[in-house]
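Visitor: Structure incoming, see below.
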Amino acid sequence: MNWISNYVRPKINSLFSRREVPENLWTKCPECGTMLFHRELAENLNVCSNCDHHMAISPRDRFKSLFDTGIFTEVKVPEPVADPLHFKDQKKYPDRLKAAQKTTGEKEAMLVAEGEMGRTPIVAVAQDFSFMAGSMGMYVGNAILAAAERAVKLKRPLVLFSAAGGARMQEGILSLMQMPRTTVAVQMLKEARLPYVVVLTHPTTGGVTASYAMLGDVQISEPNALICFAGPRVIEQTIREKLPEGFQRAEYLLDHGMLDRVTHRKQMRDELITILRMLTGQSPAIKADLPPPAAPEPAPVTPPPAAG
């Protein structure tokens, strides 16, 4: 037995080697800079426990926190033509799509689901801002039409969660055509006398705000969400004036009559249950009798690579 090789050397290595820690155990709040442990952040529905800042949450995680026991069924969305304009900037459009799919684990920027929320059957749609800034392309238009058709067929309310940077430039005019298409989808719900509730999240901008995101029977927003067509910086440069404090934020829009409610994410499920039961003529829900949502799960932690 070599005492130096088998004992002394490993002991020295352990003293000087850095302990590898996975990078995604902690998340820094972009608003106040607080470091938040990933489990606690997930349990708080991606809301900062220090300053109450509402961070982005994926559609799948949002649905788990809304539907009874976190159970929902995805609604199939028709596939649009891939790369109809053969668009290329710094990357080809198909390459950007593949990168977004790999990052998010989702097929596109919108998820459609059906299930029960507070024992009230609904159809829900949610945009994923992390998928190419939640941009509105042909798939998003197809998703909203599919959701509206499903809601009409099942005679259920439709709840939509918006989060978008606007229209998808890689699809050009075909992206802008989703504005009238989605307006037609909302009109289908109105003709069927079915509730359409919109929850605007940070940020909701551009052509999305100019179409389906502002056509709800009830307009709700998460706190401090940016909701606009053109951003504050563009407006300031155009009119050459300083905008009021909090301009285009949810609370400002509530004060000026563009929103009905500003609701914290942790109260959103109860708020939606109350509103939907009211609009569908059902008796108020008794909280003790309602099935709970699923317990939030933190994102899986990637272990550090083994030393070579």
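If you're wondering about the labels, chains in the structure tokens are A, B, ... by order shown, residues count from 1 in each chain, ligands from 1 in order shown.
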With only C-alpha atoms counted and 10 Å as the cut-off, give the residues of stretch 114-228 of chain A in contact with stretch 73-86 of chain A, each with its shortest interatomic distance in Å and the pair that gives it, as a tab-separated table.

Guide:
```
residue	atom	partner	partner_atom	distance
A:Glu114	CA	A:Thr73	CA	5.3
A:Gly115	CA	A:Thr73	CA	6.4
A:Glu116	CA	A:Thr73	CA	10.0
A:Val123	CA	A:Val75	CA	8.8
A:Ala124	CA	A:Val75	CA	9.5
A:Val125	CA	A:Val75	CA	9.6
A:Gly137	CA	A:Pro80	CA	9.3
A:Met138	CA	A:Pro80	CA	6.2
A:Tyr139	CA	A:Pro80	CA	5.9
A:Val140	CA	A:Val77	CA	9.0
A:Gly141	CA	A:Pro80	CA	9.5
A:Asn142	CA	A:Pro78	CA	6.3
A:Ala143	CA	A:Val77	CA	5.4
A:Ile144	CA	A:Val77	CA	8.8
A:Leu145	CA	A:Val77	CA	8.7
A:Ala146	CA	A:Val77	CA	6.1
A:Ala147	CA	A:Val75	CA	7.4
A:Arg150	CA	A:Val75	CA	8.1
A:Gln170	CA	A:Leu85	CA	7.6
A:Glu171	CA	A:Leu85	CA	6.5
A:Gly172	CA	A:Leu85	CA	7.9
A:Ile173	CA	A:Leu85	CA	9.7
A:Leu174	CA	A:Pro84	CA	8.7
```

Visitor: Pull C-alpha atoms from the residues just selected and write them as a PDB file, in the first residue's frame.

Guide:
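Output (result_21.pdb):
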```pdb
ATOM      1  CA  GLU A 114     -59.630  20.984 -21.284  1.00  0.00           C
ATOM      2  CA  GLY A 115     -60.592  19.865 -17.802  1.00  0.00           C
ATOM      3  CA  GLU A 116     -62.365  20.983 -14.646  1.00  0.00           C
ATOM      4  CA  VAL A 123     -61.336  24.927 -22.103  1.00  0.00           C
ATOM      5  CA  ALA A 124     -58.123  26.865 -21.464  1.00  0.00           C
ATOM      6  CA  VAL A 125     -55.432  28.342 -23.708  1.00  0.00           C
ATOM      7  CA  GLY A 137     -47.991  32.889 -35.808  1.00  0.00           C
ATOM      8  CA  MET A 138     -50.270  30.556 -37.736  1.00  0.00           C
ATOM      9  CA  TYR A 139     -50.035  27.872 -35.044  1.00  0.00           C
ATOM     10  CA  VAL A 140     -51.288  30.315 -32.402  1.00  0.00           C
ATOM     11  CA  GLY A 141     -54.200  31.248 -34.669  1.00  0.00           C
ATOM     12  CA  ASN A 142     -54.990  27.562 -35.202  1.00  0.00           C
ATOM     13  CA  ALA A 143     -54.774  26.947 -31.450  1.00  0.00           C
ATOM     14  CA  ILE A 144     -57.297  29.665 -30.588  1.00  0.00           C
ATOM     15  CA  LEU A 145     -59.674  28.478 -33.315  1.00  0.00           C
ATOM     16  CA  ALA A 146     -59.331  24.878 -32.089  1.00  0.00           C
ATOM     17  CA  ALA A 147     -60.004  26.004 -28.509  1.00  0.00           C
ATOM     18  CA  ARG A 150     -63.924  22.753 -28.740  1.00  0.00           C
ATOM     19  CA  GLN A 170     -40.857  35.205 -39.723  1.00  0.00           C
ATOM     20  CA  GLU A 171     -44.394  34.603 -41.007  1.00  0.00           C
ATOM     21  CA  GLY A 172     -45.008  38.149 -42.228  1.00  0.00           C
ATOM     22  CA  ILE A 173     -48.538  38.893 -43.463  1.00  0.00           C
ATOM     23  CA  LEU A 174     -49.633  35.349 -42.572  1.00  0.00           C
TER      24      LEU A 174
END
```

Visitor: Extract, using only C-alpha atoms, all DNA, RNA and protein residues at most 12 Å from A:Met55, discarding same-chain residues fewer than 3 positions from it, and format them as a ChimeraX atom specification.

Guide: /A:27-32,36,41-42,44-49,51-52,58,62,129-130,163,201-203,222-225,264-265

Visitor: I need the residues of stretch 123-168 of chain A that end up classed as strand (DSSP E) by DSSP on the backbone, written out as a ChimeraX atom specification.

Guide: /A:123-127,158-164

Visitor: With only C-alpha atoms as the basis for distance, which of A:Thr183, A:Ala295, A:Leu243, A:Gly33 is at the shortest distance from A:His53?

Guide: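 When distances to A:His53 are compared using only C-alpha atoms, the smallest one comes from A:Gly33.
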
Visitor: Taking the backbone alone, and naming residues the way the document does, which bits of stretch 130-183 of chain A are helix (DSSP H, G or I) by DSSP, as a PyMOL selection string?

Guide: chain A and resi 132-134+138-154+169-176+178-183

Visitor: Okay, now the selection with N, CA, C and O atoms, as a tab-separated table (two decimals), in the first residue's frame?

Guide:
```tsv
chain	number	residue	atom	x	y	z
A	132	MET	N	-40.06	31.75	-28.48
A	132	MET	CA	-39.97	32.85	-29.44
A	132	MET	C	-40.82	34.04	-29.00
A	132	MET	O	-41.60	34.60	-29.77
A	133	ALA	N	-40.70	34.40	-27.71
A	133	ALA	CA	-41.42	35.53	-27.12
A	133	ALA	C	-42.93	35.40	-27.26
A	133	ALA	O	-43.65	36.39	-27.32
A	134	GLY	N	-43.42	34.16	-27.28
A	134	GLY	CA	-44.86	33.93	-27.36
A	134	GLY	C	-45.49	34.51	-28.60
A	134	GLY	O	-46.69	34.80	-28.64
A	138	MET	N	-49.12	31.33	-37.26
A	138	MET	CA	-50.27	30.56	-37.74
A	138	MET	C	-50.67	29.48	-36.73
A	138	MET	O	-51.85	29.19	-36.58
A	139	TYR	N	-49.70	28.90	-36.03
A	139	TYR	CA	-50.04	27.87	-35.04
A	139	TYR	C	-50.88	28.46	-33.92
A	139	TYR	O	-51.85	27.84	-33.47
A	140	VAL	N	-50.52	29.66	-33.46
A	140	VAL	CA	-51.29	30.32	-32.40
A	140	VAL	C	-52.72	30.59	-32.87
A	140	VAL	O	-53.68	30.37	-32.13
A	141	GLY	N	-52.86	31.05	-34.12
A	141	GLY	CA	-54.20	31.25	-34.67
A	141	GLY	C	-54.98	29.96	-34.72
A	141	GLY	O	-56.16	29.91	-34.34
A	142	ASN	N	-54.33	28.88	-35.17
A	142	ASN	CA	-54.99	27.56	-35.20
A	142	ASN	C	-55.38	27.10	-33.81
A	142	ASN	O	-56.44	26.49	-33.61
A	143	ALA	N	-54.51	27.39	-32.82
A	143	ALA	CA	-54.77	26.95	-31.45
A	143	ALA	C	-56.01	27.64	-30.88
A	143	ALA	O	-56.85	27.00	-30.23
A	144	ILE	N	-56.15	28.94	-31.12
A	144	ILE	CA	-57.30	29.66	-30.59
A	144	ILE	C	-58.58	29.22	-31.29
A	144	ILE	O	-59.63	29.06	-30.65
A	145	LEU	N	-58.50	28.99	-32.59
A	145	LEU	CA	-59.67	28.48	-33.32
A	145	LEU	C	-60.06	27.09	-32.81
A	145	LEU	O	-61.24	26.80	-32.60
A	146	ALA	N	-59.06	26.23	-32.60
A	146	ALA	CA	-59.33	24.88	-32.09
A	146	ALA	C	-59.96	24.94	-30.70
A	146	ALA	O	-60.89	24.19	-30.38
A	147	ALA	N	-59.46	25.86	-29.86
A	147	ALA	CA	-60.00	26.00	-28.51
A	147	ALA	C	-61.44	26.51	-28.55
A	147	ALA	O	-62.31	26.02	-27.81
A	148	ALA	N	-61.72	27.50	-29.41
A	148	ALA	CA	-63.07	28.04	-29.52
A	148	ALA	C	-64.04	26.99	-30.05
A	148	ALA	O	-65.17	26.85	-29.54
A	149	GLU	N	-63.63	26.25	-31.07
A	149	GLU	CA	-64.49	25.20	-31.62
A	149	GLU	C	-64.78	24.12	-30.58
A	149	GLU	O	-65.90	23.62	-30.47
A	150	ARG	N	-63.74	23.77	-29.79
A	150	ARG	CA	-63.92	22.75	-28.74
A	150	ARG	C	-64.86	23.27	-27.65
A	150	ARG	O	-65.73	22.53	-27.16
A	151	ALA	N	-64.71	24.54	-27.29
A	151	ALA	CA	-65.58	25.13	-26.26
A	151	ALA	C	-67.03	25.17	-26.73
A	151	ALA	O	-67.95	24.87	-25.96
A	152	VAL	N	-67.24	25.53	-28.00
A	152	VAL	CA	-68.60	25.58	-28.55
A	152	VAL	C	-69.20	24.17	-28.60
A	152	VAL	O	-70.37	23.96	-28.25
A	153	LYS	N	-68.40	23.20	-29.03
A	153	LYS	CA	-68.89	21.82	-29.13
A	153	LYS	C	-69.29	21.27	-27.76
A	153	LYS	O	-70.34	20.61	-27.63
A	154	LEU	N	-68.48	21.55	-26.73
A	154	LEU	CA	-68.74	21.02	-25.39
A	154	LEU	C	-69.59	21.97	-24.53
A	154	LEU	O	-69.92	21.63	-23.39
A	169	MET	N	-42.58	37.80	-36.87
A	169	MET	CA	-42.06	38.44	-38.09
A	169	MET	C	-41.67	37.43	-39.16
A	169	MET	O	-41.74	37.71	-40.36
A	170	GLN	N	-41.29	36.21	-38.75
A	170	GLN	CA	-40.86	35.21	-39.72
A	170	GLN	C	-42.00	34.70	-40.59
A	170	GLN	O	-41.78	34.04	-41.60
A	171	GLU	N	-43.25	35.02	-40.20
A	171	GLU	CA	-44.39	34.60	-41.01
A	171	GLU	C	-45.10	35.78	-41.68
A	171	GLU	O	-46.11	35.61	-42.35
A	172	GLY	N	-44.55	36.98	-41.49
A	172	GLY	CA	-45.01	38.15	-42.23
A	172	GLY	C	-46.51	38.37	-42.19
A	172	GLY	O	-47.14	38.34	-41.14
A	173	ILE	N	-47.11	38.59	-43.35
A	173	ILE	CA	-48.54	38.89	-43.46
A	173	ILE	C	-49.40	37.74	-42.95
A	173	ILE	O	-50.50	37.94	-42.45
A	174	LEU	N	-48.88	36.51	-43.04
A	174	LEU	CA	-49.63	35.35	-42.57
A	174	LEU	C	-49.80	35.41	-41.05
A	174	LEU	O	-50.80	34.93	-40.52
A	175	SER	N	-48.82	35.99	-40.37
A	175	SER	CA	-48.94	36.18	-38.93
A	175	SER	C	-49.99	37.24	-38.62
A	175	SER	O	-50.83	37.06	-37.73
A	176	LEU	N	-49.97	38.35	-39.37
A	176	LEU	CA	-50.95	39.42	-39.13
A	176	LEU	C	-52.37	38.95	-39.41
A	176	LEU	O	-53.33	39.45	-38.81
A	178	GLN	N	-53.68	36.38	-38.45
A	178	GLN	CA	-54.24	35.69	-37.27
A	178	GLN	C	-55.07	36.64	-36.42
A	178	GLN	O	-55.89	36.19	-35.61
A	179	MET	N	-54.89	37.94	-36.59
A	179	MET	CA	-55.70	38.91	-35.83
A	179	MET	C	-57.18	38.78	-36.20
A	179	MET	O	-58.02	38.59	-35.32
A	180	PRO	N	-57.56	38.87	-37.50
A	180	PRO	CA	-58.98	38.67	-37.83
A	180	PRO	C	-59.45	37.24	-37.59
A	180	PRO	O	-60.61	37.02	-37.22
A	181	ARG	N	-58.56	36.25	-37.80
A	181	ARG	CA	-58.96	34.85	-37.58
A	181	ARG	C	-59.35	34.62	-36.12
A	181	ARG	O	-60.37	33.96	-35.84
A	182	THR	N	-58.54	35.13	-35.20
A	182	THR	CA	-58.84	34.91	-33.78
A	182	THR	C	-60.06	35.74	-33.34
A	182	THR	O	-60.78	35.34	-32.44
A	183	THR	N	-60.27	36.88	-34.00
A	183	THR	CA	-61.47	37.68	-33.70
A	183	THR	C	-62.73	36.90	-34.10
A	183	THR	O	-63.73	36.93	-33.39
```

Visitor: Quick check, in Å to one decimal: how far apart do atom CA of A:Ser221 and atom CA of A:Val112 lie?

Guide: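 Rounded to one decimal, the two atoms are 19.5 Å apart.
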
Visitor: Measuring between only C-alpha atoms, which one of A:Met188, A:Leu276, A:Ala213, A:Met117 shows the shortest distance to A:Ser65?

Guide: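 Closest to A:Ser65 of all the choices is A:Met117.
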
Visitor: Between atom CA of A:Thr204 and atom CA of A:Glu241, measure the distance and give it in Å to one decimal.

Guide: 23.1 Å

Visitor: Do a neighbour search on stretch 102-109 of chain A at 7 Å with only C-alpha atoms, toss out local chain neighbours closer than 2 positions, and write the hits as a list of chain:residue names.

Guide: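 Neighbouring residues, sequence-local ones excluded: A:Lys98, A:Ala99, A:Ala100, A:Gln127, A:Asp128, A:Ser130, A:Phe131, A:Gly134, A:Ser135, A:Val140.
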
Visitor: Between atom CA of A:Ala164 and atom CA of A:Thr209, what distance in Å does the model show, to one decimal?

Guide: 8.6 Å
